[in-house]
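Structure below is target_26.cif: mmCIF, C-alpha atoms.
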data_model
loop_
_atom_site.label_atom_id
_atom_site.label_comp_id
_atom_site.auth_asym_id
_atom_site.auth_seq_id
_atom_site.Cartn_x
_atom_site.Cartn_y
_atom_site.Cartn_z
CA MET P 1 122.70 149.68 155.11
CA TRP P 2 122.11 152.27 157.87
CA ARG P 3 122.92 149.70 160.52
CA TRP P 4 126.16 148.83 158.74
CA LEU P 5 127.02 152.51 158.44
CA ALA P 6 126.30 153.03 162.15
CA GLU P 7 128.64 150.12 162.99
CA ALA P 8 131.39 151.59 160.79
CA MET P 9 130.94 155.04 162.31
CA ALA P 10 131.18 153.49 165.78
CA VAL P 11 134.62 152.17 164.80
CA THR P 12 135.62 155.61 163.49
CA ALA P 13 134.33 157.38 166.61
CA LYS P 14 136.14 154.92 168.87
CA ASP P 15 139.40 155.40 166.95
CA LEU P 16 139.07 159.18 167.07
CA ARG P 17 138.35 159.11 170.80
CA THR P 18 141.29 156.82 171.61
CA GLU P 19 143.56 158.78 169.25
CA PHE P 20 142.75 162.13 170.85
CA ARG P 21 143.49 160.57 174.24
CA THR P 22 146.84 159.06 173.22
CA ARG P 23 147.74 161.23 170.19
CA VAL P 24 150.12 158.54 168.87
CA ALA P 25 149.24 158.81 165.17
CA ILE P 26 148.58 162.54 165.21
CA ASN P 27 151.90 163.24 166.94
CA SER P 28 153.79 160.97 164.52
CA LEU P 29 152.25 162.54 161.44
CA GLY P 30 152.21 166.09 162.74
CA LEU P 31 155.76 166.15 164.06
CA PHE P 32 157.16 164.52 160.92
CA ALA P 33 155.27 166.92 158.65
CA LEU P 34 156.15 170.06 160.60
CA THR P 35 159.82 169.07 160.98
CA VAL P 36 160.20 168.40 157.27
CA LEU P 37 158.27 171.56 156.42
CA ALA P 38 160.53 173.62 158.69
CA ALA P 39 163.64 172.00 157.17
CA VAL P 40 162.44 172.55 153.60
CA SER P 41 161.32 176.13 154.15
CA TYR P 42 164.60 176.97 155.91
CA THR P 43 166.93 175.33 153.40
CA VAL P 44 165.04 175.88 150.14
CA GLY P 45 162.74 178.74 151.08
CA PRO P 46 160.53 180.66 148.68
CA TYR P 47 163.27 182.24 146.53
CA ARG P 48 165.92 179.59 145.85
CA ILE P 49 164.01 177.89 143.05
CA ALA P 50 163.82 179.53 139.64
CA ALA P 51 160.35 180.91 138.86
CA GLU P 52 159.77 178.53 135.93
CA ASP P 53 160.62 175.49 138.06
CA ARG P 54 158.52 176.50 141.07
CA PRO P 55 155.14 174.94 140.15
CA PHE P 56 156.66 171.50 139.61
CA LEU P 57 159.40 171.40 142.25
CA LEU P 58 157.19 172.80 144.99
CA ALA P 59 154.52 170.23 144.09
CA VAL P 60 157.14 167.48 144.44
CA LEU P 61 158.18 168.74 147.87
CA LEU P 62 154.57 169.15 149.03
CA TRP P 63 153.56 165.59 148.18
CA ILE P 64 156.79 164.14 149.57
CA VAL P 65 155.97 165.77 152.91
CA ILE P 66 152.34 164.54 152.84
CA PHE P 67 153.14 160.97 151.73
CA PHE P 68 155.99 160.38 154.13
CA ALA P 69 154.08 161.93 157.01
CA ALA P 70 151.24 159.51 156.20
CA LEU P 71 153.67 156.59 156.21
CA ALA P 72 154.89 157.70 159.64
CA GLY P 73 151.55 157.21 161.37
CA LEU P 74 148.69 155.77 159.36
CA ASP P 75 149.48 152.16 160.18
CA ARG P 76 148.62 152.84 163.84
CA SER P 77 144.88 152.24 163.56
CA PHE P 78 145.39 148.53 162.89
CA VAL P 79 148.76 147.97 164.54
CA LYS P 80 147.45 149.36 167.84
CA GLU P 81 144.51 146.91 167.78
CA GLU P 82 146.96 144.01 167.46
CA GLU P 83 149.53 145.31 169.92
CA SER P 84 146.98 146.07 172.62
CA HIS P 85 145.18 142.73 172.04
CA THR P 86 141.87 144.42 171.28
CA ALA P 87 141.69 143.03 167.73
CA PRO P 88 140.20 139.63 168.70
CA LEU P 89 137.16 141.16 170.44
CA LEU P 90 136.73 143.59 167.54
CA ARG P 91 136.81 140.66 165.11
CA LEU P 92 134.13 138.89 167.12
CA ALA P 93 131.91 141.94 167.58
CA ALA P 94 131.98 143.82 164.29
CA SER P 95 131.53 142.81 160.68
CA PRO P 96 134.79 142.95 158.69
CA SER P 97 133.39 145.44 156.19
CA ALA P 98 132.31 147.81 158.98
CA VAL P 99 135.79 147.62 160.53
CA TRP P 100 137.43 148.32 157.16
CA PHE P 101 135.20 151.27 156.36
CA GLY P 102 135.41 152.67 159.89
CA LYS P 103 139.21 152.55 159.83
CA LEU P 104 139.28 154.03 156.32
CA VAL P 105 137.18 157.01 157.44
CA PHE P 106 139.44 157.46 160.47
CA ASN P 107 142.58 157.49 158.30
CA LEU P 108 140.88 159.83 155.86
CA LEU P 109 140.01 162.28 158.64
CA VAL P 110 143.59 162.17 159.95
CA ILE P 111 144.97 162.88 156.45
CA TYR P 112 142.51 165.72 155.89
CA MET P 113 143.39 167.21 159.30
CA LEU P 114 147.08 166.99 158.37
CA MET P 115 146.43 168.61 154.98
CA ALA P 116 144.27 171.35 156.51
CA ILE P 117 147.19 172.46 158.67
CA LEU P 118 150.13 171.56 156.46
CA VAL P 119 149.09 172.79 153.00
CA PRO P 120 148.25 176.43 153.89
CA LEU P 121 151.43 176.61 155.99
CA TYR P 122 153.45 175.16 153.10
CA CYS P 123 151.97 177.59 150.59
CA ILE P 124 152.72 180.56 152.87
CA LEU P 125 156.23 179.51 153.91
CA MET P 126 157.27 178.45 150.41
CA GLY P 127 155.44 181.23 148.61
CA TYR P 128 153.60 178.66 146.50
CA THR P 129 151.04 180.42 144.32
CA ILE P 130 148.11 178.35 143.09
CA LEU P 131 146.19 179.71 140.12
CA MET P 132 143.32 177.17 140.24
CA VAL P 133 142.45 177.07 143.94
CA TRP P 134 139.25 174.97 143.85
CA GLU P 135 140.85 172.44 141.52
CA PHE P 136 143.77 172.30 143.97
CA VAL P 137 141.33 171.52 146.80
CA LEU P 138 139.76 168.79 144.63
CA ILE P 139 143.15 167.22 143.91
CA LEU P 140 144.04 167.33 147.61
CA ALA P 141 140.70 165.72 148.52
CA LEU P 142 141.00 162.95 145.92
CA GLY P 143 144.68 162.41 146.66
CA GLY P 144 143.94 162.19 150.38
CA TYR P 145 141.21 159.63 149.74
CA ALA P 146 143.41 157.43 147.53
CA LEU P 147 146.22 157.71 150.08
CA ALA P 148 143.83 156.68 152.88
CA VAL P 149 142.48 153.68 150.94
CA ILE P 150 145.95 152.36 150.14
CA THR P 151 147.44 152.91 153.60
CA THR P 152 144.38 151.38 155.31
CA ILE P 153 144.57 148.06 153.48
CA VAL P 154 148.37 147.89 153.74
CA ALA P 155 148.12 148.67 157.49
CA ALA P 156 145.61 145.81 157.87
CA ILE P 157 147.98 143.44 156.06
CA ILE P 158 151.10 144.36 158.02
CA ALA P 159 149.38 144.58 161.42
CA ARG P 160 149.47 140.79 161.72
CA ALA P 161 153.11 140.49 160.67
CA LEU P 162 155.90 140.25 163.20
CA THR P 163 158.21 142.74 161.43
CA ARG P 164 155.49 145.29 160.88
CA GLY P 165 157.57 148.46 161.34
CA ALA P 166 159.55 148.21 158.12
CA LEU P 167 156.86 146.41 156.15
CA PHE P 168 154.40 149.31 156.07
CA SER P 169 156.69 151.58 154.06
CA VAL P 170 158.04 148.74 151.91
CA LEU P 171 154.58 147.51 150.90
CA SER P 172 152.99 150.96 150.63
CA LEU P 173 155.57 152.67 148.43
CA PRO P 174 155.05 150.60 145.24
CA LEU P 175 151.32 151.27 145.49
CA LEU P 176 151.74 154.93 146.39
CA LEU P 177 154.39 155.82 143.83
CA PRO P 178 152.09 156.04 140.77
CA LEU P 179 149.58 157.99 142.85
CA MET P 180 152.29 160.38 143.97
CA ILE P 181 153.40 160.98 140.36
CA PHE P 182 149.82 161.76 139.27
CA LEU P 183 149.28 164.10 142.20
CA ILE P 184 152.57 165.96 141.61
CA GLN P 185 151.64 166.50 137.96
CA GLY P 186 148.15 167.65 138.92
CA THR P 187 149.41 170.02 141.61
CA ALA P 188 151.94 171.51 139.19
CA GLY P 189 149.01 171.88 136.77
CA VAL P 190 146.86 173.84 139.23
CA ALA P 191 149.83 176.02 140.13
CA GLU P 192 150.44 176.83 136.44
CA GLY P 193 146.75 177.06 135.59
CA SER P 194 146.68 174.16 133.13
CA PRO P 195 143.12 172.68 132.94
CA GLU P 196 144.16 169.73 130.70
CA ILE P 197 146.71 168.44 133.21
CA VAL P 198 144.25 168.94 136.06
CA SER P 199 141.42 167.01 134.38
CA SER P 200 143.70 164.11 133.42
CA THR P 201 145.03 164.01 136.99
CA VAL P 202 141.51 164.01 138.46
CA ARG P 203 140.53 161.12 136.18
CA ALA P 204 143.67 159.14 137.03
CA VAL P 205 143.41 159.68 140.80
CA LEU P 206 139.66 158.94 140.78
CA SER P 207 140.32 155.69 138.88
CA MET P 208 143.10 154.70 141.23
CA GLY P 209 141.05 155.51 144.32
CA GLY P 210 138.05 153.64 142.91
CA ILE P 211 140.03 150.55 141.97
CA MET P 212 141.81 150.45 145.32
CA THR P 213 138.46 150.87 147.13
CA ILE P 214 136.99 147.85 145.34
CA VAL P 215 140.14 145.75 145.77
CA SER P 216 140.42 146.70 149.47
CA ALA P 217 136.76 145.99 150.21
CA ALA P 218 137.12 142.53 148.63
CA LEU P 219 140.50 141.78 150.20
CA PHE P 220 139.92 143.05 153.73
CA PRO P 221 137.68 140.22 155.07
CA VAL P 222 140.39 137.71 154.09
CA VAL P 223 143.15 139.80 155.65
CA TRP P 224 141.16 140.55 158.82
CA SER P 225 140.04 136.97 159.46
CA ASP P 226 142.59 134.24 160.02
CA MET A 4 118.14 135.11 172.16
CA ALA A 5 116.34 132.20 173.78
CA ASP A 6 117.32 129.39 171.40
CA GLY A 7 120.38 127.52 172.53
CA ILE A 8 123.50 126.73 170.55
CA ARG A 9 124.94 123.25 170.36
CA ILE A 10 128.63 123.34 169.57
CA SER A 11 130.48 120.23 168.55
CA PHE A 12 134.04 119.68 167.41
CA SER A 13 135.52 116.50 166.07
CA ASP A 14 139.08 115.40 165.38
CA VAL A 15 140.31 118.97 165.71
CA ALA A 16 144.06 119.42 165.40
CA LYS A 17 146.21 122.54 165.38
CA ARG A 18 149.78 122.89 164.25
CA TYR A 19 151.98 125.97 163.74
CA ASP A 20 154.63 124.98 161.20
CA LEU A 21 156.40 122.09 162.93
CA ARG A 22 154.94 122.68 166.40
CA VAL A 23 151.93 120.52 167.14
CA VAL A 24 149.60 122.18 169.68
CA PHE A 25 147.15 119.26 169.85
CA ARG A 26 146.52 116.32 167.54
CA SER A 27 142.92 115.21 167.78
CA VAL A 28 140.34 116.72 170.09
CA SER A 29 136.61 116.08 170.05
CA GLY A 30 133.77 117.20 172.24
CA GLU A 31 130.33 118.70 172.40
CA ALA A 32 128.58 121.33 174.49
CA VAL A 33 124.81 121.54 174.57
CA PRO A 34 122.42 124.18 175.93
CA GLY A 35 122.15 124.09 179.72
CA GLU A 36 125.55 122.47 180.09
CA VAL A 37 129.07 123.56 180.96
CA LEU A 38 131.81 121.82 178.99
CA VAL A 39 135.11 122.06 180.85
CA ILE A 40 138.37 121.96 178.90
CA THR A 41 141.38 121.16 181.04
CA GLY A 42 145.06 120.53 180.46
CA PRO A 43 148.47 121.68 181.62
CA ASN A 44 150.03 124.98 180.57
CA GLY A 45 150.81 124.95 176.87
CA SER A 46 148.42 122.12 176.10
CA GLY A 47 146.36 124.38 173.82
CA LYS A 48 143.27 125.26 175.85
CA SER A 49 143.27 128.88 174.69
CA THR A 50 144.06 127.82 171.12
CA LEU A 51 141.11 125.42 171.16
CA LEU A 52 138.83 128.20 172.42
CA SER A 53 140.08 130.49 169.66
CA ILE A 54 139.20 127.77 167.16
CA LEU A 55 135.78 127.26 168.74
CA CYS A 56 134.95 130.97 168.48
CA GLY A 57 136.17 131.16 164.88
CA LEU A 58 139.24 133.33 165.39
CA LEU A 59 141.54 130.51 164.30
CA ARG A 60 141.06 127.78 161.74
CA PRO A 61 142.01 124.25 162.76
CA THR A 62 144.71 122.47 160.81
CA ARG A 63 142.36 119.48 160.68
CA GLY A 64 138.92 118.63 161.95
CA GLU A 65 135.62 120.42 162.09
CA VAL A 66 133.70 122.73 164.41
CA THR A 67 129.94 122.95 164.07
CA TYR A 68 127.38 125.31 165.59
CA GLN A 69 123.77 124.17 165.54
CA ARG A 70 120.72 126.21 166.41
CA ASP A 71 117.31 124.52 166.35
CA GLY A 72 118.96 121.61 164.58
CA ARG A 73 120.26 123.82 161.80
CA ILE A 74 123.91 124.43 161.06
CA VAL A 75 125.02 128.01 161.72
CA GLU A 76 127.38 129.41 159.06
CA ARG A 77 130.86 130.26 160.34
CA ASP A 78 130.45 133.93 159.41
CA ALA A 79 127.43 134.14 161.72
CA TRP A 80 129.02 132.49 164.78
CA ARG A 81 130.01 135.84 166.25
CA HIS A 82 126.35 136.82 166.67
CA TYR A 83 125.75 133.92 169.06
CA LEU A 84 128.79 133.98 171.29
CA GLY A 85 130.48 135.95 174.00
CA VAL A 86 134.12 135.37 174.88
CA VAL A 87 136.27 136.09 177.91
CA ALA A 88 139.96 135.27 177.46
CA PRO A 89 143.26 136.57 178.82
CA ALA A 90 144.51 137.35 175.31
CA MET A 91 141.45 139.44 174.43
CA ALA A 92 141.49 142.94 175.85
CA VAL A 93 139.02 145.79 176.00
CA TYR A 94 140.09 149.34 175.13
CA GLU A 95 142.34 150.87 177.79
CA GLU A 96 141.83 154.42 176.49
CA LEU A 97 138.07 154.21 177.09
CA ASP A 98 136.15 153.97 180.35
CA ALA A 99 133.87 151.03 181.13
CA MET A 100 130.65 152.56 179.78
CA GLU A 101 132.41 153.80 176.63
CA ASN A 102 133.73 150.28 176.03
CA LEU A 103 130.30 148.70 176.39
CA ARG A 104 128.63 151.41 174.27
CA PHE A 105 131.19 150.76 171.54
CA PHE A 106 130.64 147.00 171.56
CA ALA A 107 126.86 147.52 171.62
CA ARG A 108 127.08 149.83 168.60
CA VAL A 109 129.28 147.56 166.50
CA ARG A 110 127.03 144.64 167.37
CA GLY A 111 124.12 146.67 166.04
CA MET A 112 122.18 146.44 169.30
CA GLY A 113 119.06 148.60 169.63
CA PRO A 114 118.72 150.99 172.59
CA PHE A 115 121.67 149.87 174.67
CA GLU A 116 122.32 152.47 177.36
CA GLU A 117 120.27 150.66 180.01
CA ARG A 118 121.70 147.28 179.03
CA CYS A 119 125.26 148.62 179.39
CA ARG A 120 124.47 149.89 182.89
CA GLU A 121 122.84 146.56 183.78
CA CYS A 122 125.93 144.65 182.68
CA LEU A 123 128.28 146.86 184.67
CA ASP A 124 126.03 146.55 187.73
CA LEU A 125 126.00 142.79 187.18
CA VAL A 126 129.79 142.50 187.40
CA GLY A 127 130.08 144.96 190.26
CA LEU A 128 131.47 147.97 188.37
CA ASP A 129 130.09 151.48 188.78
CA PRO A 130 128.54 152.69 185.49
CA GLY A 131 129.11 156.30 186.57
CA ARG A 132 132.84 155.86 187.06
CA ARG A 133 134.76 157.74 184.36
CA THR A 134 138.18 156.21 185.05
CA LEU A 135 139.82 154.91 181.88
CA VAL A 136 140.39 151.16 181.83
CA ARG A 137 144.16 151.67 181.89
CA GLY A 138 143.65 152.85 185.48
CA TYR A 139 141.79 149.67 186.44
CA SER A 140 143.18 146.83 188.50
CA THR A 141 143.48 143.50 186.64
CA GLY A 142 140.45 142.23 188.56
CA MET A 143 138.31 145.19 187.52
CA ALA A 144 139.45 144.78 183.90
CA GLN A 145 138.45 141.10 184.11
CA ARG A 146 135.00 142.11 185.36
CA LEU A 147 134.63 144.50 182.43
CA LYS A 148 135.63 141.73 180.01
CA ILE A 149 132.89 139.56 181.48
CA ALA A 150 130.37 142.43 181.11
CA GLN A 151 131.43 142.83 177.47
CA ALA A 152 130.96 139.11 176.83
CA VAL A 153 127.38 139.00 178.16
CA LEU A 154 126.33 142.42 176.83
CA HIS A 155 124.32 141.06 173.89
CA ASP A 156 122.93 138.16 175.93
CA PRO A 157 124.54 135.47 173.76
CA PRO A 158 123.35 131.85 173.95
CA LEU A 159 126.97 130.59 173.94
CA LEU A 160 129.78 131.70 176.25
CA LEU A 161 133.40 130.70 175.82
CA LEU A 162 135.28 131.40 179.03
CA ASP A 163 139.06 131.06 179.23
CA GLU A 164 140.16 131.18 182.87
CA PRO A 165 137.31 133.58 183.71
CA GLY A 166 138.13 133.67 187.42
CA SER A 167 141.71 134.81 186.94
CA ASN A 168 142.49 138.03 188.83
CA LEU A 169 139.08 138.05 190.54
CA ASP A 170 138.98 138.40 194.31
CA PRO A 171 137.26 135.65 196.39
CA ALA A 172 133.93 137.52 196.32
CA GLY A 173 134.26 137.88 192.56
CA LYS A 174 134.94 134.16 192.17
CA ASP A 175 131.88 133.35 194.29
CA TRP A 176 129.78 135.68 192.14
CA LEU A 177 131.16 134.12 188.94
CA GLU A 178 130.31 130.61 190.14
CA ASP A 179 126.74 131.67 190.88
CA TYR A 180 126.52 133.49 187.57
CA VAL A 181 127.72 130.53 185.51
CA GLY A 182 125.25 128.36 187.42
CA GLY A 183 122.54 130.83 186.45
CA LEU A 184 123.61 130.72 182.81
CA ARG A 185 123.40 126.94 182.83
CA ALA A 186 119.95 127.07 184.43
CA ALA A 187 118.86 129.59 181.79
CA GLY A 188 119.76 127.12 179.03
CA LYS A 189 122.93 128.84 177.85
CA THR A 190 125.81 126.82 176.49
CA VAL A 191 129.08 127.39 178.31
CA VAL A 192 132.56 126.20 177.32
CA LEU A 193 135.08 126.79 180.09
CA ALA A 194 138.84 126.39 179.76
CA THR A 195 140.49 126.26 183.14
CA ASN A 196 143.05 124.71 185.42
CA ASP A 197 141.34 125.94 188.56
CA ARG A 198 140.08 122.97 190.57
CA ARG A 199 137.02 124.85 191.76
CA GLU A 200 136.06 125.99 188.24
CA MET A 201 136.55 122.45 186.92
CA GLU A 202 133.61 121.36 189.08
CA TRP A 203 131.20 123.75 187.35
CA GLY A 204 130.63 121.33 184.49
CA ALA A 205 129.89 117.64 184.19
CA SER A 206 131.47 117.15 180.76
CA HIS A 207 135.21 117.39 180.45
CA VAL A 208 137.70 117.44 177.61
CA ALA A 209 141.27 116.91 178.75
CA LEU A 210 144.12 118.09 176.56
CA ALA A 211 147.45 116.35 176.84
CA GLY A 212 150.52 118.48 177.48
#

Show this structure as structure tokens.
Amino acid sequence: MWRWLAEAMAVTAKDLRTEFRTRVAINSLGLFALTVLAAVSYTVGPYRIAAEDRPFLLAVLLWIVIFFAALAGLDRSFVKEEESHTAPLLRLAASPSAVWFGKLVFNLLVIYMLMAILVPLYCILMGYTILMVWEFVLILALGGYALAVITTIVAAIIARALTRGALFSVLSLPLLLPLMIFLIQGTAGVAEGSPEIVSSTVRAVLSMGGIMTIVSAALFPVVWSD
Amino acid sequence: MADGIRISFSDVAKRYDLRVVFRSVSGEAVPGEVLVITGPNGSGKSTLLSILCGLLRPTRGEVTYQRDGRIVERDAWRHYLGVVAPAMAVYEELDAMENLRFFARVRGMGPFEERCRECLDLVGLDPGRRTLVRGYSTGMAQRLKIAQAVLHDPPLLLLDEPGSNLDPAGKDWLEDYVGGLRAAGKTVVLATNDRREMEWGASHVALAG
């Protein structure tokens, strides 16, 4: 178990090191997120939405920014391995499950880094008041995990396709849409201070993340190997 | 890993949709021997090597690894082999030591720092050099690929044009090294069109164009 974990963490550490040297995924995600955030805050701003609509509409905008930013860059971890012809040696050296988990942790860290910068900025620029702060952090954490699980397995699937650019969004969106709806409801719930909505959202996102983790872990060795 | 690997393949064919790469290829490589696979460009040498290392599945036929007379499961092949091939690259955003450390870690090797240095010394690269691989010449990158392949001291080596991009001194070293591998009881499968490399092994499999 520890050996497997060390192998997976080696994959994560390698991806982080190469990413910080090239900044391909971080630049894609970061620039997309900040551009959309700037556009939204400039055009909509904190005062153009009626007070009663703010919790829900600002939750919608927040998750749209996060999800589409994720779609702009989270396929890189696998696509880069294929494009730079490093995938064959990785296949021969590492166990499929360690590669999957290592890439998942990498994507998770990238999403959390994005959220750590984007969400406080969004709340300040849009004047988004959250009544249940810790529950909001929990929803962000669970949502980020489910988002990472789904994008990791879809990235692995599309990395071996020839028309990979368009496929990532096309294949990801049907899987991400229900998650996005749950997370919007939950975020509106924490903004309004509604514990019932928050607890149902946490259960739904946990279930979705758990199911996708099991499905991905089972599917990945087939996808990764020829 | 002292025990040798016997690799045999029989009636192996590969086809991509309507394009037939090769129809029926058979051969065997045993410990202490170099099996040379030859054939013109496009005859499928690299494809056959990818099948032999388990990266591709043949359309027909069978590949078998045996260790001490026992069949090795396909999932375990990767533990026993090292591969050098033009289509398999190391990480350009890492330096040589970082590459070898990474491959040592994902292979679950024990203390590996000294072994990584040994392998870089072996291929004539400076372990202290911090240049990223993207700044390497093609010959230096080829040397690093060879170091990566032998890092875990595998009993089976699959070499696809291993001398490509090496300078004359590098080719001389490689010839001596492969001779040493053979003497040490390693199994070597070599795909090449280089006349000099073809002479490294007594057994040959020729692929038709």

Exercise for the section: Given the file shown, determine the residues that the PyMOL selection byres ((chain P and resi 57-62) around 10) selects; report them as a PyMOL selection string. Expected result: chain P and resi 33+36-37+40+44+46+49-50+52-56+63-67+118-119+122-123+126-129+180-181+183-191

Handout entry: Interface residues on chain A facing chain P, 8 Å, all atoms listed in the file, written as a ChimeraX atom specification
Key = /A:58-60,81-82,86,90-94,96-97,105-106,108-111

Problem - Selected residue, from P:Ala146, P:Ile111, P:Ile158, P:Ala38, that lies nearest to Met212 in chain P when counting all atoms listed in the file - result: P:Ala146

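In this model, the gap between CA of Leu184 in chain A and CA of Asp163 in chain A comes to 15.9 Å.
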
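Here CA of Gly143 in chain P and CA of Leu108 in chain P stand 10.3 Å from one another.
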
Problem - Selection dump of the PyMOL selection byres ((chain A and resi 154) around 10), as a PyMOL selection string - result: chain A and resi 85+103-104+106-107+110+112+115+118-123+148-153+155-157

Problem - Contact residues around range 192-206 of chain A with all atoms listed in the file at 9 Å, ignoring same-chain residues under 6 positions, as a list of chain:residue names - result: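 Counting all atoms listed in the file, the residues come to A:Gly30, A:Glu31, A:Ala32, A:Glu36, A:Val37, A:Leu38, A:Val39, A:Ile40, A:Thr41, A:Gly42, A:Pro43, A:Asn44, A:Lys48, A:Ser49, A:Leu51, A:Leu52, A:Leu159, A:Leu160, A:Leu161, A:Leu162, A:Asp163, A:Glu164, A:Pro165, A:Gly166, A:Glu178, A:Val181, A:Gly182.
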
Completion exercise
The distance between CA of Phe168 in chain P and CA of Val154 in chain P is 6.6 Å

Handout entry: Spatial neighbours of Phe78 in chain P, max dist 7 Å, only C-alpha atoms, sep filter under 5 positions, as a list in words
Key =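 After dropping sequence-adjacent residues, the list is Ala155, Ala156 and Ala159 of chain P.
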
Would you mind exporting C-alpha atoms of the selected residues as a CSV table (one decimal), in the frame of the given file?
chain,number,residue,atom,x,y,z
P,155,ALA,CA,148.1,148.7,157.5
P,156,ALA,CA,145.6,145.8,157.9
P,159,ALA,CA,149.4,144.6,161.4

Exercise for the section: Name the closest residue to Leu131 in chain P among the candidates P:Val205, P:Pro195, P:Ile214, P:Phe32; distances are taken between atoms, counting all atoms listed in the file. Expected result: P:Pro195

To verify the selection step, state as an mmCIF file with C-alpha atoms, in the frame of the given file which residues the PyMOL selection byres ((chain A and resi 187) around 10) yields on this input.
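Output below, filename selection-v4.cif:
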data_model
loop_
_atom_site.group_PDB
_atom_site.id
_atom_site.type_symbol
_atom_site.label_atom_id
_atom_site.label_comp_id
_atom_site.auth_asym_id
_atom_site.auth_seq_id
_atom_site.Cartn_x
_atom_site.Cartn_y
_atom_site.Cartn_z
ATOM 1 C CA ALA A 5 116.340 132.200 173.780
ATOM 2 C CA GLY A 7 120.380 127.520 172.530
ATOM 3 C CA PRO A 34 122.420 124.180 175.930
ATOM 4 C CA GLY A 35 122.150 124.090 179.720
ATOM 5 C CA GLU A 36 125.550 122.470 180.090
ATOM 6 C CA PRO A 158 123.350 131.850 173.950
ATOM 7 C CA VAL A 181 127.720 130.530 185.510
ATOM 8 C CA GLY A 182 125.250 128.360 187.420
ATOM 9 C CA GLY A 183 122.540 130.830 186.450
ATOM 10 C CA LEU A 184 123.610 130.720 182.810
ATOM 11 C CA ARG A 185 123.400 126.940 182.830
ATOM 12 C CA ALA A 186 119.950 127.070 184.430
ATOM 13 C CA GLY A 188 119.760 127.120 179.030
ATOM 14 C CA LYS A 189 122.930 128.840 177.850
ATOM 15 C CA THR A 190 125.810 126.820 176.490
#

Practice task
Please provide the set of residues having any atom within 12 Å of Lys17 in chain A, restricted to only C-alpha atoms, with same-chain residues fewer than 2 positions apart removed, written as a list in words.
Solution key: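 Selected residues are Asp14, Val15, Tyr19, Asp20, Leu21, Arg22, Val23, Val24, Phe25, Arg26, Ser27, Val28, Ser46, Gly47, Lys48, Ser49, Thr50, Leu51, Leu52, Ser53, Ile54, Leu55, Leu59, Arg60, Pro61, Thr62, Arg63, Gly64 and Glu65 of chain A.
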
Problem - Residue with smallest distance to Lys103 in chain P - pool P:Val24, P:Ile153, P:Ala69, P:Leu29, counting only C-alpha atoms - result: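 Comparing P:Val24, P:Ile153, P:Ala69, P:Leu29 against Lys103 in chain P, the winner is P:Ile153.
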
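Of the listed residues P:Ile26, P:Ala51, P:Ala148, P:Ile197, the one whose atoms come nearest to Leu114 in chain P is P:Ile26, with distances taken using all atoms listed in the file.
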
Practice task
For each of A:Asp175, A:Asp170, A:Asp129, A:Asp71, take the minimum atom-to-atom distance to Thr141 in chain A, counting all atoms listed in the file, then give the residue where this is smallest.
Solution key: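 Of A:Asp175, A:Asp170, A:Asp129, A:Asp71, the one nearest Thr141 in chain A is A:Asp170, counting all atoms listed in the file.
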
Please put the answer as AutoDock Vina command-line options: centre and edge lengths, in Å with one decimal, of a box along x, y and z that encloses all listed atoms of range 115-127 of chain P plus 3 Å on each side.
--center_x 150.8 --center_y 174.9 --center_z 153.6 --size_x 19.0 --size_y 18.6 --size_z 16.1

Taking N, CA and C atoms as the atom set, what does range 122-131 of chain P look like once completed, written as a PDB file, keeping the file's coordinate frame?
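In the end it all went to part_33.pdb:
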ATOM      1  N   TYR P 122     152.459 175.408 154.161  1.00  0.00           N
ATOM      2  CA  TYR P 122     153.450 175.160 153.100  1.00  0.00           C
ATOM      3  C   TYR P 122     153.367 176.275 152.043  1.00  0.00           C
ATOM      4  N   CYS P 123     152.137 176.583 151.634  1.00  0.00           N
ATOM      5  CA  CYS P 123     151.970 177.590 150.590  1.00  0.00           C
ATOM      6  C   CYS P 123     152.486 178.952 151.056  1.00  0.00           C
ATOM      7  N   ILE P 124     152.253 179.266 152.344  1.00  0.00           N
ATOM      8  CA  ILE P 124     152.720 180.560 152.870  1.00  0.00           C
ATOM      9  C   ILE P 124     154.241 180.575 152.991  1.00  0.00           C
ATOM     10  N   LEU P 125     154.784 179.531 153.644  1.00  0.00           N
ATOM     11  CA  LEU P 125     156.230 179.510 153.910  1.00  0.00           C
ATOM     12  C   LEU P 125     157.045 179.403 152.622  1.00  0.00           C
ATOM     13  N   MET P 126     156.512 178.656 151.647  1.00  0.00           N
ATOM     14  CA  MET P 126     157.270 178.450 150.410  1.00  0.00           C
ATOM     15  C   MET P 126     156.873 179.439 149.318  1.00  0.00           C
ATOM     16  N   GLY P 127     155.907 180.275 149.614  1.00  0.00           N
ATOM     17  CA  GLY P 127     155.440 181.230 148.610  1.00  0.00           C
ATOM     18  C   GLY P 127     154.878 180.545 147.386  1.00  0.00           C
ATOM     19  N   TYR P 128     154.119 179.473 147.621  1.00  0.00           N
ATOM     20  CA  TYR P 128     153.600 178.660 146.500  1.00  0.00           C
ATOM     21  C   TYR P 128     152.267 179.243 146.048  1.00  0.00           C
ATOM     22  N   THR P 129     152.258 179.800 144.841  1.00  0.00           N
ATOM     23  CA  THR P 129     151.040 180.420 144.320  1.00  0.00           C
ATOM     24  C   THR P 129     150.257 179.418 143.497  1.00  0.00           C
ATOM     25  N   ILE P 130     148.981 179.291 143.810  1.00  0.00           N
ATOM     26  CA  ILE P 130     148.110 178.350 143.090  1.00  0.00           C
ATOM     27  C   ILE P 130     147.114 179.174 142.275  1.00  0.00           C
ATOM     28  N   LEU P 131     147.098 178.943 140.964  1.00  0.00           N
ATOM     29  CA  LEU P 131     146.190 179.710 140.120  1.00  0.00           C
ATOM     30  C   LEU P 131     144.773 179.135 140.124  1.00  0.00           C
TER      31      LEU P 131
END
